[in-house]
2 protein chains.
Amino acid sequence: MTTIYDVARRSGVSPATVSRVLSGRRNVDPELSEKVRAAVAELGYRPNGVARNLRRASTNLWAVVISDIENPFFTSLVRGLEDVAQTEGYHVVLCNSDEDPAKEEAYASAVLTEQMAGVVISPTSTAEGVALLNGAKTPMVLIDRRVEGVEADTVLVDNEHGAAEGVKHLIDGGYQRIACITGPRRVSTAMDRLAGYRSALRTAGIPYNKDLVRHADFREAGGFAAMESLLDQPEPPEALFVTNNLMTVGALECLAKRGLRAPDDIAVVGFDDIPWADLVVPSLTTVAQPTYELGRTAGLLLKDRIASPGRPPSTVTLRTELHIRATSAPKK
Amino acid sequence: MTTIYDVARRSGVSPATVSRVLSGRRNVDPELSEKVRAAVAELGYRPNGVARNLRRASTNLWAVVISDIENPFFTSLVRGLEDVAQTEGYHVVLCNSDEDPAKEEAYASAVLTEQMAGVVISPTSTAEGVALLNGAKTPMVLIDRRVEGVEADTVLVDNEHGAAEGVKHLIDGGYQRIACITGPRRVSTAMDRLAGYRSALRTAGIPYNKDLVRHADFREAGGFAAMESLLDQPEPPEALFVTNNLMTVGALECLAKRGLRAPDDIAVVGFDDIPWADLVVPSLTTVAQPTYELGRTAGLLLKDRIASPGRPPSTVTLRTELHIRATSAPKK
DNA sequence: CCCTCGCTGGAAATCGATTTCTGAGCCGGA
DNA sequence: TCCGGCTCAGAAATCGATTTCCAGCGAGGG
């Protein structure tokens with residue numbers, strides 16, 4: 001490994017001068033500068049980032065803590081974040097929490113010991129990690145979910161409005177017995193989307209019927225089970241609103257297994273777009289989240305937070321977009 | 001920031017002793033040990049990872065350089081890698097190269113300056129970055145694609161065999177005019193899968209017809225265009241083999257646009273499974289790659305390489321699995 | 001003509017943990 | 001009783017780049 005001292009010796013100057021030439025922070029005699037550059041090229045010198053990080057007391061790493069990179073919602077989000085990171089000179093460390101508070105905390109701890117420059121996190125319901133990072137004043141952006149009692153930059157989508165729009169679309173199609181499969185009670189997105197569902201019903205004057213609502217775990221199997229339970233009722237629903245992509249897939253699989261078809265047997269609107277919503281036959285109506293934008297916005301907020309740590313936290317709320325496709329065709 | 005010196009002062013011992021207590025590498029008087037632990041707890045001390053990395057001359061970071069995290073092939077692979085990384089105490093830095101050799105090289109350069117412990121890379125066709133890392137003797141695992149003239153651990157799938165199996169399945173279904181959409185000529189996977197296609201034809205005694213073969217760019221739009229060009233021929237194919245997932249999606253979109261249906265109008269087999277292959281109607285027959293296993297295997301190889309750098313490089317070839325679904329139903 | 005200011009280069013301190021080196025103390029064997 | 005060998009704590013060197021501090025020199029103003 002060639003060091004800055006090797007370069008200094010080779011070019012006949014001090015290490016300080018080499019550092020100044022390379023960082024360009026101070027004027028250096030052009031002649032010396034040239035010598036240094038030549039020595040760098042000859043030796044193939046590459047500064048040691050770790051040493052630099054130690055001295056500067058910061059790294060160029062961002063952590064992104066999400067529940068699962070295999071969920072298309074997160075991959076697009078991570079992509080948006082990475083694009084910002086790249087232009088700002090940061091690298092993104094990927095952390096799958098699997099919705100496990102212990103894993104989340106382990107990653108938060110790693111963020112601190114490794115002195116990472118910032119974190120973008122989609123908190124688990126208990127949010128142990130968020131508390132830890134917040135206490136340590138690490139630059140942090142919350143994404144997708146709110147956390148009670150934590151003041152931090154946040155990027156959300158307008159879940160309630162988006163859900164209401166999706167449900168209203170079903171109501172406009174002539175459906176009345178509309179079921180809802182939503183997520184865990186502790187998760188803000190699950191509750192906000194359920195609230196949107198209720199508000200759309202209320203606006204239309206349809207009474208709320210708790211027998212048509214299921215709380216599942218935001219996973220495929222959970223959606224499948226919830227769908228079964230809804231269909232096994234004496235009076236099954238004629239339409240369905242599902243509050244995330246994986247549960248929607250589970251619900252569709254359940255329908256397929258039972259030989260039921262959307263929208264003839266049951267109309268379906270899902271929350272979260274999926275890349276292949278157009279290719280499914282019949283194509284799937286969704287309340288699409290601007291996932292790439294979510295990641296990008298989080299990246300920009302994090303950059304600003306790092307630049308000016310004192311600034312009061314801001315919350316950005318992005319709009320969802322209703323993608324009307326075949327599974328929500330009007331009632332015949 | 002509390003440092004090891006603060007802990008040392010507080011517990012009345014030297015920093016060396018604190019370090020020894022925390023690392024557990026040497027025996028320390030239990031009484032002192034206890035004092036140190038108490039001080040650590042009281043002060044909320046957390047070692048500075050950057051300083052440790054500098055001294056140890058290595059970090060606990062792995063880079064994974066892939067073309068695009070939004071491609072489901074890579075997300076599952078990255079997930080497999082991250083799971084190994086987590087159990088081995090490493091973190092994964094995500095690097096999207098977008099098939100751009102310049103980006104690949106930039107990331108390779110970052111791997112060196114940041115002293116990352118290892119790299120898993122799916123090389124672009126020119127593989128500038130691979131050469132750089134190989135020269136620097138960075139622990140590296142190549143994944144998905146071979147690179148000429150580079151001796152390194154490699155994880156591949158048996159592309160030729162998998163492709164042949166998929167095409168044979170079409171032939172067994174009674175199809176003869178089978179087209180193939182493959183990737184760029186320089187990319188080993190594109191060529192291997194094309195070779196598999198040809199070998200299946202040869203085995204069945206079907207003459208190779210270059211008018212039925214298209215080279216595209218492994219992207220959706222490329223698949224779409226190639227499909228159009230195939231269909232616009234005087235004698236369009238009766239079956240199709242596509243060598244990656246994104247191009248398959250493009251081809252299917254083209255078919256949908258023209259009102260053609262699989263398998264009645266044209267039978268389809270795609271390479272790379274897609275999470276929703278079952279949900280598409282008709283469901284899509286694929287040559288599935290063990291993507292999670294690819295990532296996991298790469299992680300294990302990387303771990304071994306770091307543990308014993310001198311070991312001769314090994315190549316692991318995983319088997320594909322033919323998932324027979326509806327789009328390849330036998331000819332009527 | 002002298003003094004002061006500004007600029008530049010080098011010596012050395014610094015970041016924080018690890019590890020080698022040094023020396024003290026203790027035990028056991030001769 | 002004395003000495004060799006062993007264990008363990010602390011002092012200090014170390015990793016490599018950055019940055020502060022200081023000295024020397026030249027220019028410009030009084």
# chains A, B, ... in the order shown; residues from 1 in each chain; ligands from 1
>>> closest_atom_pairs(of="chain A", to="chain D", cutoff="9 Å", atoms="only C-alpha atoms (C1' of nucleotides)", output="Markdown table")
| residue | atom | partner | partner_atom | distance |
| --- | --- | --- | --- | --- |
| A:Thr3 | CA | D:DG16 | C1' | 6.8 |
| A:Ile4 | CA | D:DG16 | C1' | 7.3 |
| A:Tyr5 | CA | D:DG16 | C1' | 8.6 |
| A:Pro15 | CA | D:DA17 | C1' | 8.7 |
| A:Ala16 | CA | D:DT18 | C1' | 7.8 |
| A:Ser19 | CA | D:DT18 | C1' | 7.4 |
| A:Pro47 | CA | D:DA17 | C1' | 7.7 |
| A:Asn48 | CA | D:DG16 | C1' | 6.6 |
| A:Gly49 | CA | D:DA17 | C1' | 8.4 |
| A:Val50 | CA | D:DG16 | C1' | 8.3 |
| A:Ala51 | CA | D:DG16 | C1' | 5.2 |
| A:Arg52 | CA | D:DA17 | C1' | 5.1 |
| A:Asn53 | CA | D:DA17 | C1' | 8.6 |
| A:Leu54 | CA | D:DA17 | C1' | 8.6 |
| A:Arg55 | CA | D:DT18 | C1' | 6.3 |
| A:Arg56 | CA | D:DT18 | C1' | 7.6 |
>>> select_by_dssp(residues="stretch 101-179 of chain B", states="alpha helix (DSSP H)", output="ChimeraX atom specification")
/B:101-113,128-135,159-172
>>> residues_around(residues="A:Thr124", least_positions_apart="5", cutoff="7 Å", atoms="only C-alpha atoms (C1' of nucleotides)", output="VMD selection string")
chain A and resid 99 to 101
>>> select_by_dssp(residues="stretch 132-189 of chain A", states="strand (DSSP E or B)", output="PyMOL selection string")
chain A and resi 140-143+153-157+178-182
>>> write_last_selection(atoms="N, CA and C atoms", output="PDB file, in the first residue's frame")
ATOM      1  N   MET A 140     -31.143  11.765  10.127  1.00  0.00           N
ATOM      2  CA  MET A 140     -32.053  10.644   9.864  1.00  0.00           C
ATOM      3  C   MET A 140     -33.289  11.133   9.134  1.00  0.00           C
ATOM      4  N   VAL A 141     -33.747  10.325   8.199  1.00  0.00           N
ATOM      5  CA  VAL A 141     -35.002  10.617   7.521  1.00  0.00           C
ATOM      6  C   VAL A 141     -35.912   9.408   7.675  1.00  0.00           C
ATOM      7  N   LEU A 142     -37.101   9.643   8.205  1.00  0.00           N
ATOM      8  CA  LEU A 142     -38.088   8.574   8.308  1.00  0.00           C
ATOM      9  C   LEU A 142     -38.832   8.501   6.993  1.00  0.00           C
ATOM     10  N   ILE A 143     -39.142   7.280   6.604  1.00  0.00           N
ATOM     11  CA  ILE A 143     -39.790   7.129   5.323  1.00  0.00           C
ATOM     12  C   ILE A 143     -40.960   6.173   5.464  1.00  0.00           C
ATOM     13  N   ASP A 153     -37.000  14.546  10.034  1.00  0.00           N
ATOM     14  CA  ASP A 153     -37.476  14.703   8.662  1.00  0.00           C
ATOM     15  C   ASP A 153     -38.220  13.439   8.260  1.00  0.00           C
ATOM     16  N   THR A 154     -39.302  13.624   7.552  1.00  0.00           N
ATOM     17  CA  THR A 154     -40.156  12.486   7.221  1.00  0.00           C
ATOM     18  C   THR A 154     -40.670  12.626   5.793  1.00  0.00           C
ATOM     19  N   VAL A 155     -40.713  11.508   5.091  1.00  0.00           N
ATOM     20  CA  VAL A 155     -41.321  11.488   3.766  1.00  0.00           C
ATOM     21  C   VAL A 155     -42.453  10.476   3.787  1.00  0.00           C
ATOM     22  N   LEU A 156     -43.625  10.940   3.482  1.00  0.00           N
ATOM     23  CA  LEU A 156     -44.798  10.076   3.527  1.00  0.00           C
ATOM     24  C   LEU A 156     -45.550  10.175   2.214  1.00  0.00           C
ATOM     25  N   VAL A 157     -46.499   9.260   2.023  1.00  0.00           N
ATOM     26  CA  VAL A 157     -47.475   9.504   0.984  1.00  0.00           C
ATOM     27  C   VAL A 157     -48.797   9.786   1.684  1.00  0.00           C
ATOM     28  N   ILE A 178     -68.041  -3.553   0.314  1.00  0.00           N
ATOM     29  CA  ILE A 178     -66.613  -3.486   0.003  1.00  0.00           C
ATOM     30  C   ILE A 178     -65.803  -3.911   1.213  1.00  0.00           C
ATOM     31  N   ALA A 179     -64.979  -4.935   1.046  1.00  0.00           N
ATOM     32  CA  ALA A 179     -64.141  -5.411   2.146  1.00  0.00           C
ATOM     33  C   ALA A 179     -62.800  -4.677   2.130  1.00  0.00           C
ATOM     34  N   CYS A 180     -62.079  -4.773   3.252  1.00  0.00           N
ATOM     35  CA  CYS A 180     -60.750  -4.158   3.333  1.00  0.00           C
ATOM     36  C   CYS A 180     -59.810  -5.096   4.075  1.00  0.00           C
ATOM     37  N   ILE A 181     -58.674  -5.374   3.454  1.00  0.00           N
ATOM     38  CA  ILE A 181     -57.617  -6.112   4.157  1.00  0.00           C
ATOM     39  C   ILE A 181     -56.511  -5.108   4.431  1.00  0.00           C
ATOM     40  N   THR A 182     -56.261  -4.847   5.700  1.00  0.00           N
ATOM     41  CA  THR A 182     -55.226  -3.863   6.024  1.00  0.00           C
ATOM     42  C   THR A 182     -54.151  -4.509   6.898  1.00  0.00           C
TER      43      THR A 182
END
>>> interface_residues(of="chain A", to="chain B", cutoff="9 Å", atoms="only C-alpha atoms", output="ChimeraX atom specification")
/A:46-51,53-54,57-59,61,63,68-72,75-76,78-79,82-83,91-96,109-110,112-115,249,252-253,256,276,278-283
>>> write_last_selection(atoms="N, CA and C atoms", output="CSV table (one decimal), in the first residue's frame")
chain,number,residue,atom,x,y,z
A,46,ARG,N,-3.4,6.0,-4.1
A,46,ARG,CA,-4.9,6.1,-3.8
A,46,ARG,C,-5.0,6.4,-2.4
A,47,PRO,N,-5.6,7.6,-2.0
A,47,PRO,CA,-5.7,7.9,-0.6
A,47,PRO,C,-6.5,6.9,0.2
A,48,ASN,N,-6.1,6.7,1.4
A,48,ASN,CA,-6.8,5.8,2.3
A,48,ASN,C,-8.0,6.4,2.9
A,49,GLY,N,-9.2,6.0,2.4
A,49,GLY,CA,-10.4,6.6,2.9
A,49,GLY,C,-10.7,6.5,4.3
A,50,VAL,N,-10.3,5.4,4.9
A,50,VAL,CA,-10.5,5.1,6.3
A,50,VAL,C,-9.8,6.2,7.2
A,51,ALA,N,-8.5,6.4,6.8
A,51,ALA,CA,-7.8,7.4,7.6
A,51,ALA,C,-8.4,8.7,7.5
A,53,ASN,N,-11.5,9.4,6.9
A,53,ASN,CA,-12.7,9.4,7.7
A,53,ASN,C,-12.5,9.6,9.1
A,54,LEU,N,-11.4,9.0,9.6
A,54,LEU,CA,-11.1,9.1,11.1
A,54,LEU,C,-10.8,10.6,11.4
A,57,ALA,N,-13.8,12.7,11.0
A,57,ALA,CA,-14.9,12.3,11.9
A,57,ALA,C,-16.2,12.1,11.2
A,58,SER,N,-16.2,11.6,10.0
A,58,SER,CA,-17.4,11.2,9.3
A,58,SER,C,-17.1,10.4,8.1
A,59,THR,N,-18.0,9.6,7.7
A,59,THR,CA,-17.8,8.7,6.5
A,59,THR,C,-18.7,9.2,5.4
A,61,LEU,N,-21.0,7.2,4.1
A,61,LEU,CA,-22.0,6.1,4.0
A,61,LEU,C,-23.3,6.6,4.4
A,63,ALA,N,-27.0,4.7,5.5
A,63,ALA,CA,-27.7,3.4,5.6
A,63,ALA,C,-29.1,3.6,5.2
A,68,ASP,N,-37.6,-5.2,3.6
A,68,ASP,CA,-37.2,-6.3,2.8
A,68,ASP,C,-36.9,-5.8,1.3
A,69,ILE,N,-35.7,-6.0,0.9
A,69,ILE,CA,-35.4,-5.5,-0.4
A,69,ILE,C,-36.1,-6.3,-1.5
A,70,GLU,N,-36.7,-7.4,-1.2
A,70,GLU,CA,-37.4,-8.2,-2.2
A,70,GLU,C,-38.8,-7.6,-2.5
A,71,ASN,N,-39.2,-6.7,-1.7
A,71,ASN,CA,-40.5,-6.1,-1.9
A,71,ASN,C,-40.3,-5.0,-2.9
A,72,PRO,N,-41.0,-5.0,-4.1
A,72,PRO,CA,-40.8,-4.0,-5.1
A,72,PRO,C,-41.0,-2.6,-4.7
A,75,THR,N,-37.5,-1.7,-3.5
A,75,THR,CA,-36.4,-1.7,-4.5
A,75,THR,C,-36.4,-0.4,-5.2
A,76,SER,N,-37.6,0.1,-5.6
A,76,SER,CA,-37.7,1.3,-6.4
A,76,SER,C,-37.3,2.5,-5.5
A,78,VAL,N,-35.2,2.4,-2.9
A,78,VAL,CA,-33.8,2.3,-2.7
A,78,VAL,C,-33.1,2.8,-3.9
A,79,ARG,N,-33.6,2.5,-5.1
A,79,ARG,CA,-33.0,3.0,-6.3
A,79,ARG,C,-33.0,4.5,-6.3
A,82,GLU,N,-30.4,5.7,-4.0
A,82,GLU,CA,-29.0,5.5,-4.4
A,82,GLU,C,-28.6,6.5,-5.5
A,83,ASP,N,-29.6,6.9,-6.3
A,83,ASP,CA,-29.3,7.8,-7.4
A,83,ASP,C,-28.9,9.2,-6.8
A,91,HIS,N,-22.3,6.5,-0.5
A,91,HIS,CA,-22.6,5.2,-0.8
A,91,HIS,C,-23.7,4.7,0.1
A,92,VAL,N,-24.5,3.8,-0.4
A,92,VAL,CA,-25.7,3.3,0.4
A,92,VAL,C,-25.5,1.9,0.9
A,93,VAL,N,-25.6,1.8,2.2
A,93,VAL,CA,-25.5,0.5,2.8
A,93,VAL,C,-26.9,-0.1,3.1
A,94,LEU,N,-27.1,-1.3,2.6
A,94,LEU,CA,-28.5,-1.8,2.6
A,94,LEU,C,-28.7,-2.6,3.8
A,95,CYS,N,-29.8,-2.4,4.5
A,95,CYS,CA,-30.1,-3.1,5.7
A,95,CYS,C,-31.5,-3.6,5.7
A,96,ASN,N,-31.7,-4.9,5.6
A,96,ASN,CA,-33.0,-5.5,5.7
A,96,ASN,C,-33.4,-5.8,7.2
A,109,SER,N,-27.3,0.5,15.7
A,109,SER,CA,-26.1,0.5,16.5
A,109,SER,C,-24.9,0.5,15.5
A,110,ALA,N,-25.0,-0.3,14.5
A,110,ALA,CA,-23.9,-0.3,13.5
A,110,ALA,C,-23.7,1.1,12.8
A,112,LEU,N,-24.1,3.8,14.2
A,112,LEU,CA,-23.4,4.7,15.2
A,112,LEU,C,-21.9,4.3,15.3
A,113,THR,N,-21.6,3.0,15.4
A,113,THR,CA,-20.2,2.6,15.6
A,113,THR,C,-19.4,2.9,14.3
A,114,GLU,N,-20.1,2.7,13.2
A,114,GLU,CA,-19.4,2.9,11.9
A,114,GLU,C,-19.4,4.4,11.5
A,115,GLN,N,-20.0,5.2,12.3
A,115,GLN,CA,-20.0,6.6,12.1
A,115,GLN,C,-20.6,7.0,10.7
A,249,VAL,N,-51.3,-9.7,-3.7
A,249,VAL,CA,-50.9,-10.9,-4.4
A,249,VAL,C,-51.5,-12.1,-3.7
A,252,LEU,N,-55.2,-12.3,-4.4
A,252,LEU,CA,-55.4,-12.8,-5.8
A,252,LEU,C,-55.2,-14.3,-5.9
A,253,GLU,N,-54.2,-14.8,-5.3
A,253,GLU,CA,-53.9,-16.2,-5.3
A,253,GLU,C,-55.0,-17.0,-4.7
A,256,ALA,N,-57.8,-17.1,-7.2
A,256,ALA,CA,-57.5,-18.0,-8.3
A,256,ALA,C,-57.7,-19.4,-7.9
A,276,TRP,N,-45.8,-5.3,-12.6
A,276,TRP,CA,-46.4,-6.1,-13.6
A,276,TRP,C,-47.9,-6.0,-13.6
A,278,ASP,N,-49.9,-4.3,-15.2
A,278,ASP,CA,-50.4,-4.3,-16.5
A,278,ASP,C,-50.5,-5.6,-17.2
A,279,LEU,N,-49.6,-6.5,-16.8
A,279,LEU,CA,-49.5,-7.8,-17.5
A,279,LEU,C,-50.4,-8.8,-17.0
A,280,VAL,N,-50.9,-8.6,-15.7
A,280,VAL,CA,-51.8,-9.6,-15.2
A,280,VAL,C,-53.1,-9.5,-16.0
A,281,VAL,N,-53.7,-10.6,-16.2
A,281,VAL,CA,-55.0,-10.6,-16.9
A,281,VAL,C,-56.1,-11.1,-15.9
A,282,PRO,N,-57.1,-10.4,-15.5
A,282,PRO,CA,-57.3,-9.0,-15.9
A,282,PRO,C,-56.3,-8.1,-15.1
A,283,SER,N,-55.9,-7.0,-15.8
A,283,SER,CA,-54.9,-6.1,-15.2
A,283,SER,C,-55.4,-5.5,-13.9
>>> closest_residue(among="A:Asn27, A:Ser97, A:Ser308, A:Ser11", to="chain C", atoms="only C-alpha atoms (C1' of nucleotides)")
A:Asn27
>>> closest_atom_pairs(of="chain C", to="chain B", cutoff="10 Å", atoms="only C-alpha atoms (C1' of nucleotides)", output="Markdown table")
| residue | atom | partner | partner_atom | distance |
| --- | --- | --- | --- | --- |
| C:DC15 | C1' | B:Ala51 | CA | 7.8 |
| C:DG16 | C1' | B:Ala51 | CA | 5.2 |
| C:DA17 | C1' | B:Arg52 | CA | 5.1 |
| C:DT18 | C1' | B:Arg55 | CA | 6.3 |
| C:DT19 | C1' | B:Ala16 | CA | 8.6 |
>>> write_last_selection(atoms="N, CA and C atoms (P, O5', C5', C4', C3', O3' and C1' of nucleotides)", output="compact mmCIF listing (two decimals), in the first residue's frame")
# COMPACT_ATOMS: atom_id res chain seq x y z
P DC C 15 -7.70 15.05 19.15
O5' DC C 15 -8.49 14.02 18.23
C5' DC C 15 -9.28 14.46 17.14
C4' DC C 15 -9.58 13.28 16.24
C3' DC C 15 -9.84 11.99 17.01
O3' DC C 15 -11.24 11.84 17.19
C1' DC C 15 -8.41 11.64 15.11
P DG C 16 -11.76 11.44 18.68
O5' DG C 16 -11.43 9.89 18.76
C5' DG C 16 -12.16 9.00 17.96
C4' DG C 16 -11.56 7.62 18.07
C3' DG C 16 -11.47 7.07 19.50
O3' DG C 16 -11.99 5.76 19.46
C1' DG C 16 -9.40 6.83 18.42
P DA C 17 -12.29 4.93 20.76
O5' DA C 17 -11.57 3.56 20.38
C5' DA C 17 -11.99 2.89 19.20
C4' DA C 17 -10.87 2.06 18.65
C3' DA C 17 -10.44 0.89 19.53
O3' DA C 17 -10.54 -0.29 18.76
C1' DA C 17 -8.55 2.16 18.84
P DT C 18 -10.33 -1.71 19.39
O5' DT C 18 -8.81 -2.01 19.01
C5' DT C 18 -8.47 -2.05 17.64
C4' DT C 18 -6.98 -2.24 17.49
C3' DT C 18 -6.40 -3.47 18.19
O3' DT C 18 -5.61 -4.10 17.21
C1' DT C 18 -5.14 -1.58 18.74
P DT C 19 -5.19 -5.64 17.35
O5' DT C 19 -3.64 -5.48 17.69
C5' DT C 19 -2.85 -4.65 16.86
C4' DT C 19 -1.48 -4.47 17.49
C3' DT C 19 -0.98 -5.67 18.28
O3' DT C 19 0.42 -5.76 18.07
C1' DT C 19 -0.91 -3.79 19.64
>>> residues_around(residues="stretch 206-215 of chain B", least_positions_apart="2", cutoff="8 Å", atoms="only C-alpha atoms (C1' of nucleotides)", output="list in words")
Gln176, Arg177, Ile178, Ala179, Cys180, Ile181, Thr182, Gly183, Pro184, Arg185, Arg198, Leu201, Arg202, Thr203, Ala204, Asp217, Ala226, Leu230 and Pro237 of chain B
>>> residues_around(residues="B:Thr320", least_positions_apart="5", cutoff="12 Å", atoms="only C-alpha atoms (C1' of nucleotides)", output="PDB file with C-alpha atoms, in the first residue's frame")
ATOM      1  CA  LEU B 156     -22.730 -19.051 -12.477  1.00  0.00           C
ATOM      2  CA  VAL B 157     -25.811 -20.884 -13.517  1.00  0.00           C
ATOM      3  CA  ASP B 158     -25.711 -23.539 -16.158  1.00  0.00           C
ATOM      4  CA  ASN B 159     -27.040 -21.203 -18.807  1.00  0.00           C
ATOM      5  CA  GLU B 160     -26.520 -23.442 -21.767  1.00  0.00           C
ATOM      6  CA  HIS B 161     -28.177 -26.427 -20.186  1.00  0.00           C
ATOM      7  CA  GLY B 162     -31.052 -24.366 -18.832  1.00  0.00           C
ATOM      8  CA  ALA B 163     -31.720 -22.735 -22.166  1.00  0.00           C
ATOM      9  CA  ALA B 164     -31.548 -26.075 -23.978  1.00  0.00           C
ATOM     10  CA  GLU B 165     -34.023 -27.519 -21.523  1.00  0.00           C
ATOM     11  CA  GLY B 166     -36.449 -24.677 -22.082  1.00  0.00           C
ATOM     12  CA  ARG B 193     -28.138 -19.179 -23.579  1.00  0.00           C
ATOM     13  CA  PHE B 271     -35.297 -17.245 -18.942  1.00  0.00           C
ATOM     14  CA  ASP B 272     -35.266 -15.917 -15.333  1.00  0.00           C
ATOM     15  CA  ASP B 273     -38.225 -16.492 -13.161  1.00  0.00           C
ATOM     16  CA  THR B 286     -39.745 -19.933 -17.279  1.00  0.00           C
ATOM     17  CA  VAL B 287     -36.279 -21.303 -16.867  1.00  0.00           C
ATOM     18  CA  ALA B 288     -35.886 -20.218 -13.264  1.00  0.00           C
ATOM     19  CA  GLN B 289     -32.528 -19.223 -11.865  1.00  0.00           C
ATOM     20  CA  PRO B 290     -31.819 -19.874  -8.197  1.00  0.00           C
ATOM     21  CA  THR B 291     -31.268 -16.174  -7.592  1.00  0.00           C
ATOM     22  CA  GLU B 293     -28.846 -19.126  -3.871  1.00  0.00           C
ATOM     23  CA  LEU B 294     -26.604 -17.272  -6.292  1.00  0.00           C
TER      24      LEU B 294
END
>>> residues_around(residues="A:Glu220", least_positions_apart="6", cutoff="9 Å", atoms="only C-alpha atoms (C1' of nucleotides)", output="list in words")
Asn245, Leu246, Met247, Thr248, Val249, Gly250 and Ala251 of chain A
>>> atom_distance(atom1="atom CA of B:Pro30", atom2="atom CA of A:Ala106")
27.7 Å
